[in-house]
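Q: This is data.pdb (PDB, C-alpha atoms and all ligand atoms).
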```
ATOM      1  CA  MET A  25      -6.802 -35.520   7.786
ATOM      2  CA  GLY A  26      -3.487 -35.120   9.733
ATOM      3  CA  TRP A  27      -2.990 -33.215  12.981
ATOM      4  CA  LEU A  28      -2.896 -29.410  12.690
ATOM      5  CA  LYS A  29       0.403 -27.725  13.591
ATOM      6  CA  ARG A  30       0.315 -25.235  16.514
ATOM      7  CA  ASP A  31       0.271 -22.168  14.225
ATOM      8  CA  GLU A  32      -2.407 -23.652  11.966
ATOM      9  CA  MET A  33      -4.453 -24.462  15.057
ATOM     10  CA  LYS A  34      -4.189 -20.844  16.200
ATOM     11  CA  GLN A  35      -5.315 -19.646  12.752
ATOM     12  CA  GLU A  36      -8.329 -21.949  12.956
ATOM     13  CA  VAL A  37      -9.209 -20.638  16.412
ATOM     14  CA  ARG A  38      -8.931 -17.059  15.151
ATOM     15  CA  HIS A  39     -11.286 -17.803  12.280
ATOM     16  CA  CYS A  40     -13.795 -19.379  14.670
ATOM     17  CA  VAL A  41     -13.644 -16.362  16.946
ATOM     18  CA  SER A  42     -14.193 -14.041  13.950
ATOM     19  CA  LEU A  43     -17.221 -16.070  12.946
ATOM     20  CA  LEU A  44     -18.632 -16.133  16.477
ATOM     21  CA  THR A  45     -18.042 -12.392  16.846
ATOM     22  CA  PHE A  46     -19.938 -11.764  13.627
ATOM     23  CA  CYS A  47     -22.867 -14.004  14.685
ATOM     24  CA  PHE A  48     -23.148 -12.419  18.107
ATOM     25  CA  ARG A  49     -22.932  -8.878  16.734
ATOM     26  CA  LYS A  50     -25.877  -9.707  14.454
ATOM     27  CA  ARG A  51     -27.741 -11.312  17.330
ATOM     28  CA  ARG A  52     -27.054  -8.288  19.535
ATOM     29  CA  GLN A  53     -28.667  -6.026  16.970
ATOM     30  CA  MET A  54     -31.804  -8.196  17.015
ATOM     31  CA  VAL A  55     -32.167  -9.178  20.689
ATOM     32  CA  ILE A  56     -31.510  -5.944  22.553
ATOM     33  CA  GLY A  57     -32.701  -7.412  25.861
ATOM     34  CA  HIS A  58     -29.907 -10.048  25.868
ATOM     35  CA  ARG A  59     -27.106  -7.624  25.078
ATOM     36  CA  SER A  60     -25.072  -8.072  28.238
ATOM     37  CA  VAL A  61     -25.321 -11.866  28.002
ATOM     38  CA  SER A  62     -23.921 -11.826  24.445
ATOM     39  CA  ARG A  63     -21.020  -9.561  25.464
ATOM     40  CA  ALA A  64     -20.131 -11.769  28.413
ATOM     41  CA  TRP A  65     -20.207 -14.857  26.202
ATOM     42  CA  LEU A  66     -17.965 -13.205  23.637
ATOM     43  CA  GLN A  67     -15.464 -12.261  26.324
ATOM     44  CA  PHE A  68     -15.496 -15.827  27.566
ATOM     45  CA  VAL A  69     -14.819 -17.248  24.085
ATOM     46  CA  ARG A  70     -11.943 -14.825  23.456
ATOM     47  CA  GLY A  71     -10.473 -15.437  26.889
ATOM     48  CA  PHE A  72     -10.769 -19.186  26.413
ATOM     49  CA  CYS A  73      -8.981 -18.978  23.085
ATOM     50  CA  ASN A  74      -6.369 -16.553  24.524
ATOM     51  CA  VAL A  75      -6.743 -14.046  21.669
ATOM     52  CA  HIS A  76      -7.897 -10.460  21.297
ATOM     53  CA  ARG A  77      -8.161  -7.858  18.553
ATOM     54  CA  SER A  78      -6.139  -4.602  18.749
ATOM     55  CA  THR A  79      -7.456  -1.208  17.623
ATOM     56  CA  ASP A  80      -5.976  -1.591  14.143
ATOM     57  CA  GLY A  81      -7.841  -4.859  13.688
ATOM     58  CA  GLN A  82      -4.990  -7.355  14.147
ATOM     59  CA  TRP A  83      -5.467 -10.497  16.237
ATOM     60  CA  SER A  84      -3.029 -11.057  19.004
ATOM     61  CA  GLU A  85      -2.673 -13.242  22.033
ATOM     62  CA  MET A  86      -3.568 -11.973  25.495
ATOM     63  CA  ALA A  87      -1.570 -11.406  28.673
ATOM     64  CA  GLY A  88       1.525 -13.577  29.106
ATOM     65  CA  LYS A  89       2.220 -13.818  25.385
ATOM     66  CA  ARG A  90       4.108 -10.663  24.569
ATOM     67  CA  GLY A  91       5.437  -9.642  21.176
ATOM     68  CA  ALA A  92       9.156  -9.863  20.406
ATOM     69  CA  LEU A  93      11.504  -6.911  20.001
ATOM     70  CA  ILE A  94      13.529  -7.538  16.863
ATOM     71  CA  VAL A  95      16.228  -5.139  15.678
ATOM     72  CA  LEU A  96      18.074  -4.914  12.375
ATOM     73  CA  GLU A  97      21.462  -3.214  12.390
ATOM     74  CA  GLY A  98      24.262  -2.608   9.926
ATOM     75  CA  VAL A  99      26.202   0.065   8.081
ATOM     76  CA  ASP A 100      24.344   2.534   5.842
ATOM     77  CA  ARG A 101      22.728   0.795   2.785
ATOM     78  CA  ALA A 102      23.144  -2.722   4.194
ATOM     79  CA  GLY A 103      19.470  -3.345   3.356
ATOM     80  CA  LYS A 104      17.860  -2.831   6.785
ATOM     81  CA  THR A 105      14.758  -0.900   5.672
ATOM     82  CA  THR A 106      14.092  -3.312   2.792
ATOM     83  CA  GLN A 107      14.304  -6.296   5.131
ATOM     84  CA  CYS A 108      12.286  -4.731   7.980
ATOM     85  CA  SER A 109       9.384  -4.080   5.579
ATOM     86  CA  LYS A 110       9.534  -7.588   4.139
ATOM     87  CA  LEU A 111       9.665  -9.176   7.579
ATOM     88  CA  VAL A 112       6.677  -7.201   8.895
ATOM     89  CA  GLN A 113       4.685  -8.109   5.790
ATOM     90  CA  ALA A 114       5.574 -11.807   6.088
ATOM     91  CA  LEU A 115       4.715 -11.926   9.796
ATOM     92  CA  GLN A 116       1.380 -10.190   9.272
ATOM     93  CA  GLN A 117       0.525 -12.529   6.392
ATOM     94  CA  SER A 118       1.165 -15.532   8.626
ATOM     95  CA  GLY A 119      -1.252 -14.145  11.254
ATOM     96  CA  ARG A 120       1.379 -12.773  13.635
ATOM     97  CA  PRO A 121       0.738  -9.163  14.681
ATOM     98  CA  ALA A 122       3.794  -7.090  13.754
ATOM     99  CA  GLU A 123       4.701  -3.448  13.228
ATOM    100  CA  MET A 124       7.778  -1.608  12.036
ATOM    101  CA  MET A 125       9.559   1.224  13.838
ATOM    102  CA  ARG A 126      12.727   3.072  12.926
ATOM    103  CA  PHE A 127      15.386   5.120  14.679
ATOM    104  CA  PRO A 128      15.966   7.923  14.350
ATOM    105  CA  ASP A 129      12.244   8.603  14.198
ATOM    106  CA  ARG A 130      12.479  11.887  12.328
ATOM    107  CA  THR A 131       8.790  12.778  12.877
ATOM    108  CA  THR A 132       9.062  13.911  16.527
ATOM    109  CA  THR A 133      10.386  17.302  17.690
ATOM    110  CA  ILE A 134      13.677  15.685  18.717
ATOM    111  CA  GLY A 135      13.710  13.656  15.499
ATOM    112  CA  GLN A 136      13.413  16.816  13.425
ATOM    113  CA  LEU A 137      16.549  18.258  15.061
ATOM    114  CA  ILE A 138      18.365  14.998  14.249
ATOM    115  CA  GLY A 139      17.045  14.989  10.670
ATOM    116  CA  ALA A 140      18.318  18.517  10.013
ATOM    117  CA  TYR A 141      21.721  17.515  11.426
ATOM    118  CA  LEU A 142      21.979  14.374   9.282
ATOM    119  CA  GLU A 143      20.980  16.317   6.173
ATOM    120  CA  ASN A 144      23.715  18.876   6.936
ATOM    121  CA  LYS A 145      21.148  21.647   7.344
ATOM    122  CA  SER A 146      22.315  22.344  10.902
ATOM    123  CA  ASP A 147      25.331  21.646  13.084
ATOM    124  CA  LEU A 148      25.192  20.172  16.586
ATOM    125  CA  GLU A 149      27.953  19.473  19.088
ATOM    126  CA  ASP A 150      28.862  15.716  18.968
ATOM    127  CA  HIS A 151      27.904  14.830  22.585
ATOM    128  CA  THR A 152      24.661  16.761  22.194
ATOM    129  CA  VAL A 153      23.568  14.935  19.063
ATOM    130  CA  HIS A 154      24.460  11.585  20.636
ATOM    131  CA  LEU A 155      22.148  12.352  23.560
ATOM    132  CA  LEU A 156      19.417  13.504  21.179
ATOM    133  CA  PHE A 157      19.566  10.156  19.334
ATOM    134  CA  SER A 158      19.184   8.402  22.691
ATOM    135  CA  ALA A 159      16.335  10.705  23.792
ATOM    136  CA  ASN A 160      14.605   9.910  20.497
ATOM    137  CA  ARG A 161      14.570   6.234  21.563
ATOM    138  CA  TRP A 162      13.491   6.915  25.152
ATOM    139  CA  GLU A 163      10.542   8.994  24.006
ATOM    140  CA  MET A 164       9.205   5.912  22.189
ATOM    141  CA  VAL A 165       9.613   3.495  25.117
ATOM    142  CA  PRO A 166       6.057   3.798  26.560
ATOM    143  CA  LEU A 167       4.576   3.097  23.129
ATOM    144  CA  MET A 168       6.984   0.213  22.487
ATOM    145  CA  LYS A 169       6.162  -1.437  25.825
ATOM    146  CA  LYS A 170       2.440  -1.036  25.228
ATOM    147  CA  LYS A 171       2.618  -2.687  21.832
ATOM    148  CA  LEU A 172       4.833  -5.533  23.045
ATOM    149  CA  GLU A 173       2.430  -6.187  25.922
ATOM    150  CA  GLN A 174      -0.423  -6.305  23.413
ATOM    151  CA  GLY A 175       1.382  -9.172  21.696
ATOM    152  CA  ILE A 176       2.623  -7.105  18.764
ATOM    153  CA  THR A 177       6.101  -7.943  17.511
ATOM    154  CA  LEU A 178       8.149  -4.808  16.801
ATOM    155  CA  VAL A 179      10.610  -4.916  13.928
ATOM    156  CA  VAL A 180      12.999  -2.011  14.464
ATOM    157  CA  ASP A 181      15.229  -0.411  11.830
ATOM    158  CA  ARG A 182      18.323   0.592  13.926
ATOM    159  CA  TYR A 183      18.460   0.959  17.715
ATOM    160  CA  ALA A 184      20.971   1.872  20.416
ATOM    161  CA  PHE A 185      23.701  -0.166  18.664
ATOM    162  CA  SER A 186      23.759   2.326  15.786
ATOM    163  CA  GLY A 187      23.847   5.084  18.369
ATOM    164  CA  VAL A 188      27.039   3.675  19.897
ATOM    165  CA  ALA A 189      28.685   2.524  16.655
ATOM    166  CA  PHE A 190      28.289   5.882  14.902
ATOM    167  CA  THR A 191      29.244   8.197  17.777
ATOM    168  CA  SER A 192      32.178   6.045  18.897
ATOM    169  CA  ALA A 193      33.487   6.144  15.324
ATOM    170  CA  LYS A 194      34.184   9.847  15.977
ATOM    171  CA  PRO A 195      37.537  10.734  17.592
ATOM    172  CA  GLY A 196      37.524  10.939  21.414
ATOM    173  CA  PHE A 197      34.405   8.866  22.109
ATOM    174  CA  ARG A 198      34.722   5.735  24.260
ATOM    175  CA  LEU A 199      32.321   2.849  23.719
ATOM    176  CA  ASP A 200      31.168   2.745  27.373
ATOM    177  CA  TRP A 201      30.423   6.506  27.453
ATOM    178  CA  CYS A 202      28.332   6.097  24.319
ATOM    179  CA  MET A 203      26.387   3.144  25.761
ATOM    180  CA  GLN A 204      25.466   4.840  29.041
ATOM    181  CA  PRO A 205      22.414   6.909  27.975
ATOM    182  CA  ASP A 206      20.728   3.825  26.471
ATOM    183  CA  VAL A 207      21.220   1.570  29.508
ATOM    184  CA  GLY A 208      17.802   0.256  30.584
ATOM    185  CA  LEU A 209      16.030   0.582  27.225
ATOM    186  CA  PRO A 210      13.839  -2.406  26.330
ATOM    187  CA  LYS A 211      16.294  -5.158  25.451
ATOM    188  CA  PRO A 212      15.851  -6.670  21.997
ATOM    189  CA  ASP A 213      15.083 -10.389  21.897
ATOM    190  CA  LEU A 214      17.110 -10.563  18.699
ATOM    191  CA  VAL A 215      19.541  -8.226  16.935
ATOM    192  CA  MET A 216      20.387  -9.155  13.370
ATOM    193  CA  PHE A 217      23.526  -7.556  11.998
ATOM    194  CA  LEU A 218      23.353  -7.239   8.228
ATOM    195  CA  GLN A 219      26.957  -7.890   7.315
ATOM    196  CA  LEU A 220      28.044  -6.081   4.162
ATOM    197  CA  ASN A 221      31.410  -4.699   3.146
ATOM    198  CA  PRO A 222      31.104  -0.874   3.443
ATOM    199  CA  ALA A 223      32.682  -0.547  -0.027
ATOM    200  CA  GLU A 224      29.880  -2.676  -1.486
ATOM    201  CA  ALA A 225      27.235  -0.789   0.529
ATOM    202  CA  ALA A 226      28.530   2.509  -0.885
ATOM    203  CA  LEU A 227      27.627   1.331  -4.395
ATOM    204  CA  ARG A 228      23.946   0.997  -3.435
ATOM    205  CA  GLY A 229      21.289   3.716  -4.070
ATOM    206  CA  GLN A 230      22.042   7.374  -3.237
ATOM    207  CA  PHE A 231      24.977   6.747  -0.900
ATOM    208  CA  GLY A 232      26.812   9.955   0.027
ATOM    209  CA  GLN A 233      23.912  12.337   0.555
ATOM    210  CA  GLU A 234      23.870  12.430   4.383
ATOM    211  CA  ARG A 235      26.406  13.424   7.010
ATOM    212  CA  TYR A 236      27.903  10.019   7.877
ATOM    213  CA  GLU A 237      27.904   8.582   4.368
ATOM    214  CA  THR A 238      31.604   8.362   3.559
ATOM    215  CA  SER A 239      33.343   5.007   3.090
ATOM    216  CA  VAL A 240      36.121   5.891   5.546
ATOM    217  CA  PHE A 241      33.650   6.684   8.345
ATOM    218  CA  GLN A 242      31.496   3.613   7.580
ATOM    219  CA  ARG A 243      34.557   1.348   7.875
ATOM    220  CA  THR A 244      35.146   2.628  11.409
ATOM    221  CA  VAL A 245      31.434   2.199  12.179
ATOM    222  CA  GLN A 246      31.705  -1.430  11.020
ATOM    223  CA  GLN A 247      34.622  -1.997  13.457
ATOM    224  CA  ARG A 248      32.609  -0.505  16.329
ATOM    225  CA  PHE A 249      29.689  -2.815  15.540
ATOM    226  CA  GLU A 250      32.147  -5.735  15.668
ATOM    227  CA  GLN A 251      33.214  -4.642  19.167
ATOM    228  CA  LEU A 252      29.560  -4.422  20.282
ATOM    229  CA  MET A 253      28.850  -7.919  18.942
ATOM    230  CA  LYS A 254      31.301  -9.377  21.482
ATOM    231  CA  ASP A 255      28.706  -8.646  24.195
ATOM    232  CA  GLN A 256      27.094 -12.013  24.904
ATOM    233  CA  THR A 257      24.222 -10.533  26.923
ATOM    234  CA  VAL A 258      22.701  -9.553  23.564
ATOM    235  CA  ASN A 259      21.308 -12.155  21.145
ATOM    236  CA  TRP A 260      23.294 -11.170  18.040
ATOM    237  CA  GLN A 261      22.884 -13.007  14.737
ATOM    238  CA  VAL A 262      25.034 -12.114  11.755
ATOM    239  CA  ILE A 263      23.251 -12.190   8.401
ATOM    240  CA  ASP A 264      25.088 -12.274   5.084
ATOM    241  CA  ALA A 265      23.598  -9.124   3.509
ATOM    242  CA  ALA A 266      25.535  -9.577   0.243
ATOM    243  CA  GLN A 267      23.032 -12.269  -0.820
ATOM    244  CA  ASN A 268      20.043 -11.336  -2.960
ATOM    245  CA  ILE A 269      17.043  -9.742  -1.209
ATOM    246  CA  GLU A 270      14.985 -12.971  -1.059
ATOM    247  CA  ASN A 271      17.755 -15.080   0.484
ATOM    248  CA  VAL A 272      18.505 -12.416   3.095
ATOM    249  CA  HIS A 273      14.771 -12.376   3.859
ATOM    250  CA  LYS A 274      14.693 -16.174   4.341
ATOM    251  CA  ASP A 275      17.553 -16.054   6.872
ATOM    252  CA  ILE A 276      15.971 -13.155   8.732
ATOM    253  CA  THR A 277      12.556 -14.820   8.866
ATOM    254  CA  ALA A 278      13.979 -18.042  10.304
ATOM    255  CA  HIS A 279      15.791 -16.236  13.138
ATOM    256  CA  SER A 280      12.745 -14.038  13.799
ATOM    257  CA  LEU A 281      10.255 -16.915  14.139
ATOM    258  CA  ASN A 282      12.576 -18.585  16.594
ATOM    259  CA  ALA A 283      12.893 -15.376  18.639
ATOM    260  CA  ILE A 284       9.131 -14.734  18.588
ATOM    261  CA  ASN A 285       8.408 -18.212  19.944
ATOM    262  CA  LYS A 286      11.015 -17.897  22.685
ATOM    263  CA  ALA A 287      10.058 -14.343  23.711
ATOM    264  CA  GLN A 288       6.359 -14.930  24.218
ATOM    265  CA  ASN A 289       6.725 -16.444  27.675
ATOM    266  CA  LEU A 290       9.728 -14.396  28.824
ATOM    267  CA  PRO A 291       9.768 -10.988  30.526
ATOM    268  CA  LEU A 292      11.171  -8.084  28.517
ATOM    269  CA  GLY A 293      14.794  -7.413  29.521
ATOM    270  CA  GLU A 294      16.764  -4.190  30.079
ATOM    271  CA  LEU A 295      19.516  -3.336  27.631
ATOM    272  CA  TRP A 296      23.122  -3.240  28.906
ATOM    273  CA  SER A 297      22.057  -3.137  32.590
ATOM    274  CA  GLU A 298      24.421  -6.045  33.317
ATOM    275  CA  THR A 299      27.111  -5.171  30.747
ATOM    276  CA  LEU A 300      28.034  -1.807  32.289
ATOM    277  CA  LYS A 301      27.713  -2.776  35.976
ATOM    278  CA  ASN A 302      31.452  -3.227  36.602
TER
HETATM  279  N1  LIG B   1      20.284  -7.703  -0.868
HETATM  280  C1  LIG B   1      20.352  -6.621  -1.648
HETATM  281  N2  LIG B   1      21.028  -6.667  -2.808
HETATM  282  C2  LIG B   1      21.125  -5.569  -3.601
HETATM  283  N3  LIG B   1      20.555  -4.364  -3.343
HETATM  284  C3  LIG B   1      19.864  -4.255  -2.187
HETATM  285  C4  LIG B   1      19.724  -5.370  -1.286
HETATM  286  N4  LIG B   1      18.995  -4.958  -0.242
HETATM  287  C5  LIG B   1      18.697  -3.669  -0.458
HETATM  288  N5  LIG B   1      19.190  -3.241  -1.619
HETATM  289  C6  LIG B   1      19.119  -1.887  -2.201
HETATM  290  O1  LIG B   1      20.080  -1.096  -1.521
HETATM  291  C7  LIG B   1      19.567   0.206  -1.250
HETATM  292  C8  LIG B   1      19.562   0.460   0.258
HETATM  293  O2  LIG B   1      18.613  -0.432   0.854
HETATM  294  P1  LIG B   1      17.921  -0.061   2.219
HETATM  295  O3  LIG B   1      17.344   1.321   2.164
HETATM  296  O4  LIG B   1      17.015  -1.180   2.548
HETATM  297  O5  LIG B   1      19.191  -0.082   3.170
HETATM  298  P2  LIG B   1      19.373   0.540   4.633
HETATM  299  O6  LIG B   1      20.349  -0.332   5.310
HETATM  300  O7  LIG B   1      18.057   0.732   5.294
HETATM  301  O8  LIG B   1      20.023   1.947   4.288
HETATM  302  P3  LIG B   1      20.233   3.236   5.233
HETATM  303  O9  LIG B   1      20.637   2.740   6.574
HETATM  304  O10 LIG B   1      21.345   3.952   4.574
HETATM  305  O11 LIG B   1      18.942   3.987   5.272
HETATM  306  C9  LIG B   1      18.178   0.248  -1.886
HETATM  307  O12 LIG B   1      18.313   0.801  -3.168
HETATM  308  C10 LIG B   1      17.782  -1.222  -1.947
HETATM  309  O13 LIG B   1      16.888  -1.490  -3.004
HETATM  310  C1  LIG B   2      19.812   5.450  15.369
HETATM  311  C2  LIG B   2      21.062   6.226  15.072
HETATM  312  C3  LIG B   2      21.455   6.468  13.787
HETATM  313  N1  LIG B   2      22.569   7.157  13.536
HETATM  314  C4  LIG B   2      22.945   7.450  12.125
HETATM  315  C5  LIG B   2      23.063   6.271  11.224
HETATM  316  C6  LIG B   2      22.687   6.812   9.865
HETATM  317  O1  LIG B   2      23.835   7.396   9.254
HETATM  318  C7  LIG B   2      21.670   7.880  10.191
HETATM  319  C8  LIG B   2      20.252   7.416  10.064
HETATM  320  O2  LIG B   2      20.002   7.089   8.749
HETATM  321  P1  LIG B   2      18.656   6.276   8.311
HETATM  322  O3  LIG B   2      18.750   6.245   6.811
HETATM  323  O4  LIG B   2      17.500   7.093   8.801
HETATM  324  O5  LIG B   2      18.728   4.935   8.928
HETATM  325  O6  LIG B   2      21.916   8.247  11.550
HETATM  326  C9  LIG B   2      23.348   7.659  14.580
HETATM  327  O7  LIG B   2      24.388   8.297  14.350
HETATM  328  N2  LIG B   2      22.967   7.434  15.854
HETATM  329  C10 LIG B   2      21.835   6.729  16.154
HETATM  330  O8  LIG B   2      21.485   6.530  17.355
END
```
Before anything else, please render the file you have as structure tokens.
Ligand SMILES: Nc1ncnc2c1ncn2[C@@H]1O[C@H](COP(=O)(O)OP(=O)(O)OP(=O)(O)O)[C@@H](O)[C@H]1O
Ligand SMILES: Cc1cn([C@H]2C[C@H](O)[C@@H](COP(=O)(O)O)O2)c(=O)[nH]c1=O

A:
Amino acid sequence: MGWLKRDEMKQEVRHCVSLLTFCFRKRRQMVIGHRSVSRAWLQFVRGFCNVHRSTDGQWSEMAGKRGALIVLEGVDRAGKTTQCSKLVQALQQSGRPAEMMRFPDRTTTIGQLIGAYLENKSDLEDHTVHLLFSANRWEMVPLMKKKLEQGITLVVDRYAFSGVAFTSAKPGFRLDWCMQPDVGLPKPDLVMFLQLNPAEAALRGQFGQERYETSVFQRTVQQRFEQLMKDQTVNWQVIDAAQNIENVHKDITAHSLNAINKAQNLPLGELWSETLKN
């Protein structure tokens, strides 16, 4: 038998820990007097193997091995949601704890105001709605940090880059003004820009229903994203989103695995803290 690769080794260790946990739970039920000894032994085994199980039952590595913050960006209908779901599924299936988030998160009180605005059910002043989008990210920061610390990789459908690209596509909005409210957010370890011609994106499912879904506006949004991608403090990767779904997924997975490996021993950064200093 050949040597096990690092990931296969980790899988093996996780299986052993599962088995040991099961055995000791059974033993605990039988030998009540030795309960504390069994618990201590279990903790030792998990600590030794550097793994723990989160509340939703996923295995993850302990302190020092944080999850990665991975963001997918692009114009409307570029395929972000499709690819976020596929990536999370693939990571989970390979034993890497991962969860999806999306912005705007329309479930919160702030998110509901944004949702009504996007669906043209209400009107909001342009600066106000920009700040609401940003507040909708800040309200999720404690949860995001907690999950990353637990070793869970977060795959995020849009982030502050959409915030800046969409608002600055409106007349009278400077890029740096738009960036300011999001300075200091958790900095993504990787931002993948799904590159697709806005004209092609407009041909995909149900385009045109929400406020920003006009080809003219999306073309300006695309230009603003291109300006943001010049910032070398952010790890941007451009993905050809005109390929079929499986090939886009392959590209995204390769970049993500690389970012996950690199991020696990690095501290989480702060977005745009350096970029806007001068
Ligand atoms: N690579 C692809 N090729 C063709 N169609 C695709 C591809 N990826 C996604 N689609 C289709 O395009 C539509 C939009 O996909 P999806 O919702 O993933 O995009 P999105 O970028 O999240 O959109 P939005 O930002 O507008 O919510 C869906 O009907 C989806 O099935
Ligand atoms: C995060 C964010 C998004 N937007 C825009 C971009 C889209 O047109 C919608 C969200 O649509 P989705 O289908 O829910 O992805 O909102 C924005 O203007 N500002 C932001 O910060």

Q: Taking the file as shown, find all residues satisfying the PyMOL selection byres (((not hetatm)) within 7 of (chain B and resi 1)) and write them as a list in words.

A: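 When the PyMOL selection byres (((not hetatm)) within 7 of (chain B and resi 1)) is applied to the shown file, the picked residues are Gly98, Val99, Asp100, Arg101, Ala102, Gly103, Lys104, Thr105, Thr106, Gln107, Arg228, Gly229, Ala265, Ala266, Gln267, Asn268, Ile269 and Val272 of chain A.
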
Q: Under the PyMOL selection byres (((not hetatm)) within 9 of (chain B and resi 2)), which residues of this model are included? Write them out as a CSV table (one decimal) with C-alpha atoms, keeping the file's coordinate frame.

A:
```csv
chain,number,residue,atom,x,y,z
A,99,VAL,CA,26.2,0.1,8.1
A,100,ASP,CA,24.3,2.5,5.8
A,101,ARG,CA,22.7,0.8,2.8
A,104,LYS,CA,17.9,-2.8,6.8
A,105,THR,CA,14.8,-0.9,5.7
A,126,ARG,CA,12.7,3.1,12.9
A,127,PHE,CA,15.4,5.1,14.7
A,128,PRO,CA,16.0,7.9,14.4
A,129,ASP,CA,12.2,8.6,14.2
A,130,ARG,CA,12.5,11.9,12.3
A,138,ILE,CA,18.4,15.0,14.2
A,139,GLY,CA,17.0,15.0,10.7
A,142,LEU,CA,22.0,14.4,9.3
A,153,VAL,CA,23.6,14.9,19.1
A,154,HIS,CA,24.5,11.6,20.6
A,155,LEU,CA,22.1,12.4,23.6
A,156,LEU,CA,19.4,13.5,21.2
A,157,PHE,CA,19.6,10.2,19.3
A,158,SER,CA,19.2,8.4,22.7
A,160,ASN,CA,14.6,9.9,20.5
A,161,ARG,CA,14.6,6.2,21.6
A,181,ASP,CA,15.2,-0.4,11.8
A,182,ARG,CA,18.3,0.6,13.9
A,183,TYR,CA,18.5,1.0,17.7
A,184,ALA,CA,21.0,1.9,20.4
A,185,PHE,CA,23.7,-0.2,18.7
A,186,SER,CA,23.8,2.3,15.8
A,187,GLY,CA,23.8,5.1,18.4
A,188,VAL,CA,27.0,3.7,19.9
A,189,ALA,CA,28.7,2.5,16.7
A,190,PHE,CA,28.3,5.9,14.9
A,191,THR,CA,29.2,8.2,17.8
A,234,GLU,CA,23.9,12.4,4.4
A,235,ARG,CA,26.4,13.4,7.0
A,236,TYR,CA,27.9,10.0,7.9
A,237,GLU,CA,27.9,8.6,4.4
A,242,GLN,CA,31.5,3.6,7.6
```

Q: Identify which of the residues A:Pro195, A:Thr177, A:Ala114, A:Glu224 lies closest to His151 (chain A), counting all atoms listed in the file when measuring atom-to-atom distances.

A: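 Nearest candidate to His151 (chain A) out of A:Pro195, A:Thr177, A:Ala114, A:Glu224: A:Pro195.
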
Q: Measuring between all atoms listed in the file, which one of A:Gln136, A:Ser118, A:Asn221, A:Gln261 shows the shortest distance to Gln246 (chain A)?

A: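 With all atoms listed in the file as the atom set, the closest residue is A:Asn221.
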
Q: When distances are computed from all atoms listed in the file, which of A:Arg90, A:Leu209, A:Val245, A:Cys202 shows the smallest separation from Pro222 (chain A)?

A: A:Val245

Q: When the PyMOL selection byres (((chain A and resi 293) around 12) and not hetatm) is applied to the structure above, which residues does it catch, written out as JSON, numbers by chain?

A: {"A": [92, 93, 169, 207, 208, 209, 210, 211, 212, 213, 214, 257, 258, 259, 287, 290, 291, 292, 294, 295, 296, 297, 298]}

Q: Okay, now the selection with C-alpha atoms, as a short mmCIF file (atom, residue, chain, number, x, y, z; two decimals), in the frame of the given file?

A:
```cif
data_model
loop_
_atom_site.label_atom_id
_atom_site.label_comp_id
_atom_site.auth_asym_id
_atom_site.auth_seq_id
_atom_site.Cartn_x
_atom_site.Cartn_y
_atom_site.Cartn_z
CA ALA A 92 9.16 -9.86 20.41
CA LEU A 93 11.50 -6.91 20.00
CA LYS A 169 6.16 -1.44 25.82
CA VAL A 207 21.22 1.57 29.51
CA GLY A 208 17.80 0.26 30.58
CA LEU A 209 16.03 0.58 27.22
CA PRO A 210 13.84 -2.41 26.33
CA LYS A 211 16.29 -5.16 25.45
CA PRO A 212 15.85 -6.67 22.00
CA ASP A 213 15.08 -10.39 21.90
CA LEU A 214 17.11 -10.56 18.70
CA THR A 257 24.22 -10.53 26.92
CA VAL A 258 22.70 -9.55 23.56
CA ASN A 259 21.31 -12.16 21.14
CA ALA A 287 10.06 -14.34 23.71
CA LEU A 290 9.73 -14.40 28.82
CA PRO A 291 9.77 -10.99 30.53
CA LEU A 292 11.17 -8.08 28.52
CA GLU A 294 16.76 -4.19 30.08
CA LEU A 295 19.52 -3.34 27.63
CA TRP A 296 23.12 -3.24 28.91
CA SER A 297 22.06 -3.14 32.59
CA GLU A 298 24.42 -6.04 33.32
#
```

Q: For Asp275 (chain A), find every residue with an atom within 12 Å (counting all atoms listed in the file), except residues of its own chain fewer than 2 positions away, and show them as a list of chain:residue names.

A: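 Result of the neighbour search: A:Gln107, A:Lys110, A:Leu111, A:Met216, A:Phe217, A:Leu218, A:Gln261, A:Val262, A:Ile263, A:Asp264, A:Ala265, A:Gln267, A:Asn268, A:Ile269, A:Glu270, A:Asn271, A:Val272, A:His273, A:Thr277, A:Ala278, A:His279, A:Ser280, A:Leu281, A:Asn282.
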
Q: Taking into account only C-alpha atoms, which residue in the set A:Thr299, A:Gly175, A:Tyr141, A:Val240 is nearest to Lys254 (chain A)?

A: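 For Lys254 (chain A), the nearest of the candidates is A:Thr299.
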
Q: As an exercise, work out the distance from CA of Arg248 (chain A) to CA of Ala193 (chain A) in Å and give it to one decimal place.

A: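 Atom-to-atom, CA of Arg248 (chain A) to CA of Ala193 (chain A), that is 6.8 Å.
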
Q: What is the distance between CA of Gln230 (chain A) and CA of Asn144 (chain A), in Å to one decimal?

A: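 Distance reported for this atom pair: 15.4 Å.
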
Q: Quick one: pull the distance between CA of Lys171 (chain A) and CA of Gly91 (chain A), Å, one decimal.

A: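 So the two atoms, CA of Lys171 (chain A) and CA of Gly91 (chain A), lie 7.5 Å apart.
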
Q: Could you check the closest approach to Leu199 (chain A) for each of A:Glu173, A:Glu163, A:Glu250, A:Glu149 and tell me which residue wins, using all atoms listed in the file?

A: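 Among the listed residues, A:Glu250 lies closest to Leu199 (chain A).
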